[in-house]
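Novice: Sharing run_32.cif (mmCIF, C-alpha atoms) below.
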```
data_run
#
loop_
_atom_site.group_PDB
_atom_site.id
_atom_site.type_symbol
_atom_site.label_atom_id
_atom_site.label_comp_id
_atom_site.auth_asym_id
_atom_site.auth_seq_id
_atom_site.Cartn_x
_atom_site.Cartn_y
_atom_site.Cartn_z
ATOM 1 C CA MET F 1 1.690 2.285 3.875
ATOM 2 C CA CYS F 2 -0.537 4.360 6.133
ATOM 3 C CA ILE F 3 -0.046 7.927 7.300
ATOM 4 C CA LEU F 4 -1.113 9.891 10.383
ATOM 5 C CA LEU F 5 -1.218 13.697 10.629
ATOM 6 C CA ALA F 6 -1.886 15.503 13.907
ATOM 7 C CA SER F 7 -1.799 19.003 15.355
ATOM 8 C CA THR F 8 -2.647 20.793 18.589
ATOM 9 C CA SER F 9 -2.234 24.311 17.180
ATOM 10 C CA HIS F 10 -5.783 25.170 16.090
ATOM 11 C CA PRO F 11 -7.440 27.842 18.295
ATOM 12 C CA LYS F 12 -10.797 26.002 18.469
ATOM 13 C CA TYR F 13 -9.603 22.398 18.579
ATOM 14 C CA SER F 14 -7.110 20.997 21.066
ATOM 15 C CA LEU F 15 -6.441 18.083 18.713
ATOM 16 C CA ILE F 16 -6.835 17.439 15.003
ATOM 17 C CA VAL F 17 -5.958 13.988 13.644
ATOM 18 C CA VAL F 18 -6.095 12.822 10.025
ATOM 19 C CA SER F 19 -5.425 9.209 9.066
ATOM 20 C CA ASN F 20 -5.270 7.124 5.898
ATOM 21 C CA ARG F 21 -5.470 3.355 6.048
ATOM 22 C CA ASP F 22 -3.638 1.749 3.118
ATOM 23 C CA GLU F 23 -4.539 -1.904 2.877
ATOM 24 C CA CYS F 24 -5.702 -4.688 0.573
ATOM 25 C CA TYR F 25 -9.279 -3.891 -0.429
ATOM 26 C CA SER F 26 -10.554 -7.391 0.211
ATOM 27 C CA ARG F 27 -9.344 -7.556 3.828
ATOM 28 C CA GLU F 28 -12.385 -8.024 6.028
ATOM 29 C CA THR F 29 -13.171 -4.892 8.040
ATOM 30 C CA ARG F 30 -15.952 -3.569 10.236
ATOM 31 C CA HIS F 31 -16.544 0.143 9.861
ATOM 32 C CA THR F 32 -16.301 2.467 12.852
ATOM 33 C CA THR F 33 -18.657 1.488 15.657
ATOM 34 C CA LEU F 34 -18.956 1.762 19.428
ATOM 35 C CA SER F 35 -17.927 -1.204 21.534
ATOM 36 C CA GLY F 36 -20.667 -3.077 23.352
ATOM 37 C CA ASP F 37 -20.167 -1.059 26.536
ATOM 38 C CA GLY F 38 -20.006 2.232 24.624
ATOM 39 C CA PHE F 39 -16.455 2.923 25.831
ATOM 40 C CA VAL F 40 -14.298 2.493 22.695
ATOM 41 C CA LEU F 41 -15.024 3.953 19.250
ATOM 42 C CA CYS F 42 -13.054 2.543 16.331
ATOM 43 C CA PRO F 43 -13.138 0.526 13.108
ATOM 44 C CA VAL F 44 -12.174 -3.126 13.553
ATOM 45 C CA ASP F 45 -9.984 -5.487 11.543
ATOM 46 C CA MET F 46 -12.075 -8.612 10.952
ATOM 47 C CA ALA F 47 -9.488 -10.556 8.952
ATOM 48 C CA PRO F 48 -9.259 -14.108 10.318
ATOM 49 C CA GLY F 49 -6.286 -14.972 12.464
ATOM 50 C CA ILE F 50 -4.423 -18.247 12.442
ATOM 51 C CA ASP F 51 -7.245 -19.875 14.435
ATOM 52 C CA GLY F 52 -9.893 -18.606 12.011
ATOM 53 C CA SER F 53 -11.427 -16.048 14.377
ATOM 54 C CA PRO F 54 -11.352 -12.297 13.575
ATOM 55 C CA LYS F 55 -8.204 -10.511 14.709
ATOM 56 C CA GLY F 56 -10.305 -7.741 16.241
ATOM 57 C CA GLY F 57 -7.644 -5.040 16.245
ATOM 58 C CA THR F 58 -7.847 -1.460 15.037
ATOM 59 C CA TRP F 59 -5.593 1.024 13.285
ATOM 60 C CA LEU F 60 -7.085 4.118 14.958
ATOM 61 C CA GLY F 61 -9.522 4.568 17.807
ATOM 62 C CA VAL F 62 -10.607 6.669 20.778
ATOM 63 C CA ASN F 63 -12.370 6.062 24.072
ATOM 64 C CA LYS F 64 -14.693 7.935 26.431
ATOM 65 C CA ASN F 65 -11.809 8.889 28.735
ATOM 66 C CA GLY F 66 -10.107 10.805 25.941
ATOM 67 C CA ARG F 67 -7.542 8.197 24.976
ATOM 68 C CA ILE F 68 -6.508 8.036 21.334
ATOM 69 C CA SER F 69 -4.198 5.599 19.590
ATOM 70 C CA SER F 70 -3.077 4.716 16.084
ATOM 71 C CA VAL F 71 -0.724 2.010 14.810
ATOM 72 C CA LEU F 72 1.233 1.986 11.551
ATOM 73 C CA ASN F 73 3.414 -0.682 9.990
ATOM 74 C CA LEU F 74 7.132 0.040 10.321
ATOM 75 C CA ARG F 75 9.111 -0.661 7.176
ATOM 76 C CA ASN F 76 12.189 -2.289 8.673
ATOM 77 C CA ASP F 77 14.604 -2.104 5.744
ATOM 78 C CA ARG F 78 17.544 -1.746 8.121
ATOM 79 C CA GLN F 79 17.429 -5.394 9.163
ATOM 80 C CA LEU F 80 17.914 -4.339 12.763
ATOM 81 C CA LEU F 81 18.692 -6.918 15.387
ATOM 82 C CA ALA F 82 15.795 -6.958 17.787
ATOM 83 C CA ASN F 83 13.830 -9.148 20.100
ATOM 84 C CA PRO F 84 12.305 -12.211 18.427
ATOM 85 C CA ARG F 85 9.333 -11.092 16.371
ATOM 86 C CA ASN F 86 5.889 -12.551 16.838
ATOM 87 C CA GLY F 87 4.569 -15.003 14.300
ATOM 88 C CA PRO F 88 1.773 -14.530 11.749
ATOM 89 C CA GLU F 89 -0.861 -14.755 14.473
ATOM 90 C CA PHE F 90 0.270 -11.391 15.878
ATOM 91 C CA SER F 91 -2.009 -8.457 15.054
ATOM 92 C CA ARG F 92 -0.541 -4.961 15.203
ATOM 93 C CA GLY F 93 -4.079 -3.736 15.705
ATOM 94 C CA SER F 94 -4.162 -5.482 19.072
ATOM 95 C CA VAL F 95 -1.693 -2.905 20.419
ATOM 96 C CA PRO F 96 -3.913 0.212 20.225
ATOM 97 C CA MET F 97 -6.954 -1.893 21.101
ATOM 98 C CA ARG F 98 -5.384 -3.007 24.382
ATOM 99 C CA PHE F 99 -4.496 0.599 25.239
ATOM 100 C CA LEU F 100 -7.981 1.890 24.398
ATOM 101 C CA ASN F 101 -9.726 -0.764 26.484
ATOM 102 C CA SER F 102 -7.611 -0.030 29.540
ATOM 103 C CA ARG F 103 -9.160 2.016 32.356
ATOM 104 C CA ASN F 104 -5.932 2.774 34.228
ATOM 105 C CA SER F 105 -3.977 6.031 34.141
ATOM 106 C CA PHE F 106 -2.263 7.297 30.996
ATOM 107 C CA ASN F 107 0.836 7.662 33.181
ATOM 108 C CA GLU F 108 1.100 3.873 33.180
ATOM 109 C CA TRP F 109 1.458 3.780 29.379
ATOM 110 C CA ASP F 110 3.301 6.977 28.447
ATOM 111 C CA ASN F 111 6.656 5.549 27.334
ATOM 112 C CA TYR F 112 7.847 2.341 25.703
ATOM 113 C CA ASP F 113 9.001 0.607 28.883
ATOM 114 C CA LYS F 114 5.691 1.256 30.641
ATOM 115 C CA PHE F 115 3.691 0.203 27.587
ATOM 116 C CA GLU F 116 5.666 -3.031 27.289
ATOM 117 C CA ARG F 117 4.977 -3.846 30.931
ATOM 118 C CA GLN F 118 1.265 -3.415 30.268
ATOM 119 C CA PHE F 119 1.324 -5.276 26.931
ATOM 120 C CA PRO F 120 4.568 -7.172 26.161
ATOM 121 C CA LEU F 121 3.416 -8.048 22.635
ATOM 122 C CA ILE F 122 4.273 -4.516 21.468
ATOM 123 C CA LYS F 123 7.858 -5.694 20.957
ATOM 124 C CA GLY F 124 6.761 -8.466 18.639
ATOM 125 C CA GLY F 125 5.873 -6.655 15.438
ATOM 126 C CA ASP F 126 7.500 -3.900 13.380
ATOM 127 C CA LEU F 127 5.273 -0.915 14.152
ATOM 128 C CA ASN F 128 5.019 2.781 14.942
ATOM 129 C CA LEU F 129 2.490 3.755 17.594
ATOM 130 C CA PHE F 130 0.820 7.044 18.514
ATOM 131 C CA ILE F 131 -0.937 7.292 21.868
ATOM 132 C CA GLY F 132 -2.405 10.189 23.768
ATOM 133 C CA ASP F 133 -4.728 11.576 26.384
ATOM 134 C CA CYS F 134 -6.913 14.284 24.836
ATOM 135 C CA ILE F 135 -7.978 15.608 28.252
ATOM 136 C CA GLN F 136 -4.467 15.892 29.684
ATOM 137 C CA GLN F 137 -3.271 16.927 26.200
ATOM 138 C CA ARG F 138 -0.254 14.633 26.385
ATOM 139 C CA TYR F 139 0.880 12.593 23.396
ATOM 140 C CA VAL F 140 3.674 10.107 22.705
ATOM 141 C CA ALA F 141 5.059 8.404 19.591
ATOM 142 C CA MET F 142 6.942 5.135 19.958
ATOM 143 C CA ASP F 143 8.098 2.154 17.946
ATOM 144 C CA SER F 144 8.446 -1.547 18.668
ATOM 145 C CA PHE F 145 12.236 -1.259 19.009
ATOM 146 C CA GLY F 146 12.024 0.761 22.222
ATOM 147 C CA LEU F 147 11.997 4.384 21.087
ATOM 148 C CA SER F 148 9.445 6.726 22.666
ATOM 149 C CA VAL F 149 9.285 10.513 22.365
ATOM 150 C CA PRO F 150 6.783 13.152 23.521
ATOM 151 C CA VAL F 151 5.044 14.721 20.529
ATOM 152 C CA LEU F 152 2.589 17.557 19.867
ATOM 153 C CA THR F 153 4.439 19.672 22.404
ATOM 154 C CA PRO F 154 4.123 23.482 22.748
ATOM 155 C CA SER F 155 7.410 23.871 20.874
ATOM 156 C CA ASN F 156 6.269 21.626 18.006
ATOM 157 C CA PRO F 157 2.482 21.185 17.804
ATOM 158 C CA PHE F 158 2.608 19.198 14.542
ATOM 159 C CA LEU F 159 3.210 15.513 13.843
ATOM 160 C CA VAL F 160 3.251 13.321 10.745
ATOM 161 C CA LEU F 161 3.930 9.602 11.158
ATOM 162 C CA SER F 162 4.202 7.069 8.392
ATOM 163 C CA ASN F 163 6.085 3.818 7.999
ATOM 164 C CA ASP F 164 9.672 5.022 8.383
ATOM 165 C CA PHE F 165 11.572 5.127 11.657
ATOM 166 C CA ILE F 166 10.643 8.027 13.939
ATOM 167 C CA ASN F 167 13.039 10.995 14.029
ATOM 168 C CA THR F 168 15.120 9.934 11.047
ATOM 169 C CA GLY F 169 17.264 12.590 9.426
ATOM 170 C CA THR F 170 15.570 12.334 6.026
ATOM 171 C CA LYS F 171 11.800 12.513 5.703
ATOM 172 C CA TRP F 172 9.881 10.653 3.053
ATOM 173 C CA PRO F 173 8.416 13.017 0.415
ATOM 174 C CA LYS F 174 4.852 12.233 1.537
ATOM 175 C CA VAL F 175 5.697 13.117 5.159
ATOM 176 C CA GLU F 176 7.315 16.429 4.270
ATOM 177 C CA LYS F 177 4.434 17.296 1.954
ATOM 178 C CA ALA F 178 1.844 16.372 4.584
ATOM 179 C CA GLU F 179 3.557 18.511 7.234
ATOM 180 C CA ASN F 180 3.601 21.539 4.941
ATOM 181 C CA MET F 181 -0.017 21.068 3.890
ATOM 182 C CA LEU F 182 -1.188 20.578 7.479
ATOM 183 C CA ARG F 183 0.522 23.749 8.700
ATOM 184 C CA LYS F 184 -0.904 25.756 5.813
ATOM 185 C CA MET F 185 -4.402 24.361 6.231
ATOM 186 C CA ILE F 186 -4.577 25.124 9.954
ATOM 187 C CA SER F 187 -3.230 28.648 9.536
ATOM 188 C CA GLU F 188 -5.945 29.303 6.944
ATOM 189 C CA SER F 189 -8.787 27.606 8.857
ATOM 190 C CA GLU F 190 -8.977 29.396 12.196
ATOM 191 C CA ASP F 191 -12.581 30.470 11.534
ATOM 192 C CA ALA F 192 -13.684 27.414 9.571
ATOM 193 C CA SER F 193 -16.807 25.537 10.603
ATOM 194 C CA GLU F 194 -16.424 21.948 11.745
ATOM 195 C CA GLU F 195 -17.787 20.676 8.442
ATOM 196 C CA GLU F 196 -15.352 22.867 6.499
ATOM 197 C CA LEU F 197 -12.443 21.710 8.645
ATOM 198 C CA VAL F 198 -13.299 18.037 8.122
ATOM 199 C CA ALA F 199 -13.465 18.640 4.365
ATOM 200 C CA LYS F 200 -10.063 20.358 4.386
ATOM 201 C CA CYS F 201 -8.549 17.482 6.364
ATOM 202 C CA LEU F 202 -9.939 14.925 3.916
ATOM 203 C CA HIS F 203 -8.594 16.993 1.033
ATOM 204 C CA ILE F 204 -5.057 16.707 2.411
ATOM 205 C CA ALA F 205 -5.579 12.993 3.012
ATOM 206 C CA SER F 206 -6.526 12.587 -0.659
ATOM 207 C CA LEU F 207 -3.494 14.254 -2.260
ATOM 208 C CA CYS F 208 -1.725 12.124 -4.853
ATOM 209 C CA ASP F 209 0.918 13.431 -7.263
ATOM 210 C CA ASP F 210 0.776 10.388 -9.505
ATOM 211 C CA ILE F 211 -2.291 11.192 -11.579
ATOM 212 C CA SER F 212 -1.880 8.921 -14.597
ATOM 213 C CA PRO F 213 -2.728 5.202 -14.656
ATOM 214 C CA ALA F 214 0.866 4.546 -15.715
ATOM 215 C CA SER F 215 2.056 5.950 -12.393
ATOM 216 C CA LEU F 216 0.791 2.801 -10.708
ATOM 217 C CA ASN F 217 3.558 0.907 -12.503
ATOM 218 C CA LEU F 218 5.982 2.328 -9.950
ATOM 219 C CA LYS F 219 7.621 -0.037 -7.527
ATOM 220 C CA THR F 220 5.994 -0.115 -4.106
ATOM 221 C CA VAL F 221 8.651 2.032 -2.411
ATOM 222 C CA ALA F 222 8.266 4.938 -4.840
ATOM 223 C CA LEU F 223 4.485 4.715 -4.934
ATOM 224 C CA THR F 224 3.990 4.582 -1.179
ATOM 225 C CA ASN F 225 6.827 6.898 -0.081
ATOM 226 C CA ASN F 226 5.821 9.757 -2.357
ATOM 227 C CA ASN F 227 2.046 9.930 -2.043
ATOM 228 C CA ILE F 228 -0.219 10.762 0.879
ATOM 229 C CA PHE F 229 -3.075 8.983 -0.907
ATOM 230 C CA ILE F 230 -2.507 5.667 -2.682
ATOM 231 C CA LYS F 231 -4.709 5.078 -5.710
ATOM 232 C CA PRO F 232 -5.967 1.553 -6.462
ATOM 233 C CA ALA F 233 -2.849 -0.461 -7.303
ATOM 234 C CA ARG F 234 -2.950 -4.011 -8.576
ATOM 235 C CA ILE F 235 -1.221 -6.473 -6.253
ATOM 236 C CA GLY F 236 1.450 -8.732 -7.714
ATOM 237 C CA SER F 237 5.052 -9.006 -8.738
ATOM 238 C CA SER F 238 4.939 -8.083 -12.430
ATOM 239 C CA SER F 239 6.209 -4.792 -13.845
ATOM 240 C CA ASN F 240 2.715 -3.303 -13.965
ATOM 241 C CA SER F 241 1.747 -4.094 -10.399
ATOM 242 C CA VAL F 242 2.870 -3.402 -6.861
ATOM 243 C CA ASN F 243 4.477 -5.977 -4.614
ATOM 244 C CA VAL F 244 3.045 -5.224 -1.186
ATOM 245 C CA LYS F 245 5.680 -6.254 1.335
ATOM 246 C CA ASP F 246 4.086 -4.593 4.324
ATOM 247 C CA ALA F 247 0.643 -6.175 4.224
ATOM 248 C CA LEU F 248 -0.490 -9.732 3.821
ATOM 249 C CA PRO F 249 -1.434 -9.679 0.117
ATOM 250 C CA LYS F 250 -5.003 -10.739 -0.457
ATOM 251 C CA GLY F 251 -7.188 -10.033 -3.442
ATOM 252 C CA ARG F 252 -6.374 -7.889 -6.456
ATOM 253 C CA PHE F 253 -6.075 -4.272 -5.252
ATOM 254 C CA TYR F 254 -4.203 -2.322 -2.595
ATOM 255 C CA GLY F 255 -4.415 1.369 -1.710
ATOM 256 C CA THR F 256 -6.038 3.922 0.568
ATOM 257 C CA ARG F 257 -9.359 2.362 1.511
ATOM 258 C CA SER F 258 -10.425 4.391 4.570
ATOM 259 C CA GLN F 259 -9.807 7.933 5.848
ATOM 260 C CA ILE F 260 -10.455 9.180 9.391
ATOM 261 C CA VAL F 261 -10.638 12.681 10.883
ATOM 262 C CA VAL F 262 -10.758 13.259 14.645
ATOM 263 C CA LEU F 263 -11.471 16.695 16.159
ATOM 264 C CA VAL F 264 -11.498 17.564 19.869
ATOM 265 C CA THR F 265 -12.893 20.953 20.902
ATOM 266 C CA ARG F 266 -10.886 23.033 23.371
ATOM 267 C CA ASP F 267 -13.765 24.397 25.422
ATOM 268 C CA THR F 268 -16.236 21.501 25.702
ATOM 269 C CA ARG F 269 -14.140 18.310 25.365
ATOM 270 C CA ARG F 270 -16.409 17.260 22.543
ATOM 271 C CA LEU F 271 -14.877 14.717 20.164
ATOM 272 C CA THR F 272 -15.974 14.290 16.548
ATOM 273 C CA PHE F 273 -14.932 11.146 14.673
ATOM 274 C CA VAL F 274 -15.489 10.905 10.913
ATOM 275 C CA GLU F 275 -14.635 7.841 8.834
ATOM 276 C CA GLN F 276 -14.800 8.122 5.048
ATOM 277 C CA ILE F 277 -14.964 4.652 3.509
ATOM 278 C CA LEU F 278 -13.660 4.366 -0.042
ATOM 279 C CA HIS F 279 -13.253 0.650 -0.745
ATOM 280 C CA ASP F 280 -14.484 -2.554 0.891
ATOM 281 C CA SER F 281 -13.676 -4.983 -1.907
ATOM 282 C CA ASP F 282 -11.776 -5.313 -5.172
ATOM 283 C CA ASP F 283 -14.985 -4.557 -7.055
ATOM 284 C CA ASP F 284 -15.022 -1.077 -5.468
ATOM 285 C CA ALA F 285 -11.704 -0.068 -7.058
ATOM 286 C CA ALA F 286 -13.212 1.343 -10.250
ATOM 287 C CA ILE F 287 -16.329 2.793 -8.612
ATOM 288 C CA PHE F 288 -15.405 4.900 -5.578
ATOM 289 C CA SER F 289 -12.880 7.643 -4.816
ATOM 290 C CA PRO F 290 -12.371 10.544 -2.358
ATOM 291 C CA THR F 291 -14.740 12.669 -4.444
ATOM 292 C CA LYS F 292 -17.235 9.796 -4.555
ATOM 293 C CA PRO F 293 -16.839 7.852 -1.286
ATOM 294 C CA LYS F 294 -18.722 4.649 -0.661
ATOM 295 C CA ASN F 295 -19.868 5.795 2.765
ATOM 296 C CA LYS F 296 -19.172 8.403 5.416
ATOM 297 C CA LEU F 297 -19.804 7.833 9.117
ATOM 298 C CA ARG F 298 -19.864 10.546 11.793
ATOM 299 C CA PHE F 299 -19.840 10.141 15.565
ATOM 300 C CA SER F 300 -19.749 12.574 18.488
ATOM 301 C CA MET F 301 -18.575 11.774 21.993
ATOM 302 C CA ASP F 302 -18.369 13.807 25.206
ATOM 303 C CA LEU F 303 -15.095 12.980 26.929
ATOM 304 C CA THR F 304 -15.079 12.250 30.653
ATOM 305 C CA GLU F 305 -11.919 12.159 32.731
ATOM 306 C CA SER F 306 -11.096 8.773 34.212
ATOM 307 C CA LEU F 307 -11.298 8.420 37.995
#
```
Would you kindly transcribe this structure into structure tokens?

Specialist:
Amino acid sequence: MCILLASTSHPKYSLIVVSNRDECYSRETRHTTLSGDGFVLCPVDMAPGIDGSPKGGTWLGVNKNGRISSVLNLRNDRQLLANPRNGPEFSRGSVPMRFLNSRNSFNEWDNYDKFERQFPLIKGGDLNLFIGDCIQQRYVAMDSFGLSVPVLTPSNPFLVLSNDFINTGTKWPKVEKAENMLRKMISESEDASEEELVAKCLHIASLCDDISPASLNLKTVALTNNNIFIKPARIGSSSNSVNVKDALPKGRFYGTRSQIVVLVTRDTRRLTFVEQILHDSDDDAAIFSPTKPKNKLRFSMDLTESL
């Protein structure tokens, strides 16, 4: 159950984004890399689709024209009536990837109806989607049931998205906690260096109230709704494991396996993209952690406005 934090309120950075990817550790993944033409920067889901080829989607990425997008599973416990859902071959990661690879105007994507015209498959999978233009400084959150709302506005320059419906009356504990921590961190980091700011963002992304091994005996809903960071949790249906409804269970462990920080400077349109990799396989579960990551990748990109 992933989480996305974002703000436009920092005096030095027009956008700060923090993301956790919660997923089965053994799901095949390619770490953040530039596309062949150097236009899109993102990690890539390499899990095989129904035809055996990699799905090739992403959960968070950016492009040279200042586009940014992130997709999160939507926990549809309401059993809403909706359009027919896509089958198992559908990849949620294809939704942000299609947006990031597009060269047309952000205005052609900036609400649900426009997005669906560009990519009808958005309606086929339970998902929340964040899209934006870092140069225009316009951002939108939408879901696959047709809701779309402007976010990161002057009146509310903070956003936390997880796997609940957008704009619900009651926030999950992890969302409320993340909002409070993000506001506090930014107010206390106006003069922080870039390296210090990245470290503070990763600290928030690594917060977990359940500190004992026994805490991982919680049912999935409690474990994933309460914690920003999900410790290694054994997949299964017994009382001492989690039953992962929102991912395709594969392997032995599920939890936060990758963390991303994106910073965009106000004055130079310089984008920094940091991915901290924690786990790539079940064998990594007992070895790596936020204080001892498996790898950390850093990229910089000068944004250029599309013609």

Novice: How would you write, as a list in words, the residues chosen by the PyMOL selection byres ((chain F and resi 121) around 10) on this structure?

Specialist: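 Selection result, ordered by chain and number: Arg85, Asn86, Phe90, Ser91, Arg92, Ser94, Val95, Phe115, Glu116, Arg117, Gln118, Phe119, Pro120, Ile122, Lys123, Gly124, Gly125 and Ser144 of chain F.
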
Novice: Return the single residue from F:Gly57, F:Gly38, F:Pro48, F:Pro290 that is closest to Ser69 of chain F, with distances computed using all atoms listed in the file.

Specialist: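 The closest residue to Ser69 of chain F is F:Gly57.
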
Novice: Just the residues within 9 Å of His10 of chain F, please, counting only C-alpha atoms, with nothing from its chain fewer than 2 positions along; format it as a list of chain:residue names.

Specialist: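 Once the nearby chain positions are removed, what remains is F:Ser7, F:Thr8, F:Lys12, F:Tyr13, F:Ser14, F:Leu15, F:Ile16, F:Ile186, F:Ser187, F:Ser189, F:Glu190.
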
Novice: So, counting only C-alpha atoms, which residue among F:Asn128, F:Asn295, F:Ser102, F:Thr170 is closest to Asp280 of chain F?

Specialist: F:Asn295

Novice: Which of these, F:Val160, F:Arg27, F:Gly132, F:Lys174, has the shortest distance to Glu108 of chain F once you count only C-alpha atoms?

Specialist: F:Gly132

Novice: Nearest residue to Ala6 of chain F out of F:Met142, F:Val262, F:Ala192, F:Leu271, using all atoms listed in the file?

Specialist: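 When distances to Ala6 of chain F are compared using all atoms listed in the file, the smallest one comes from F:Val262.
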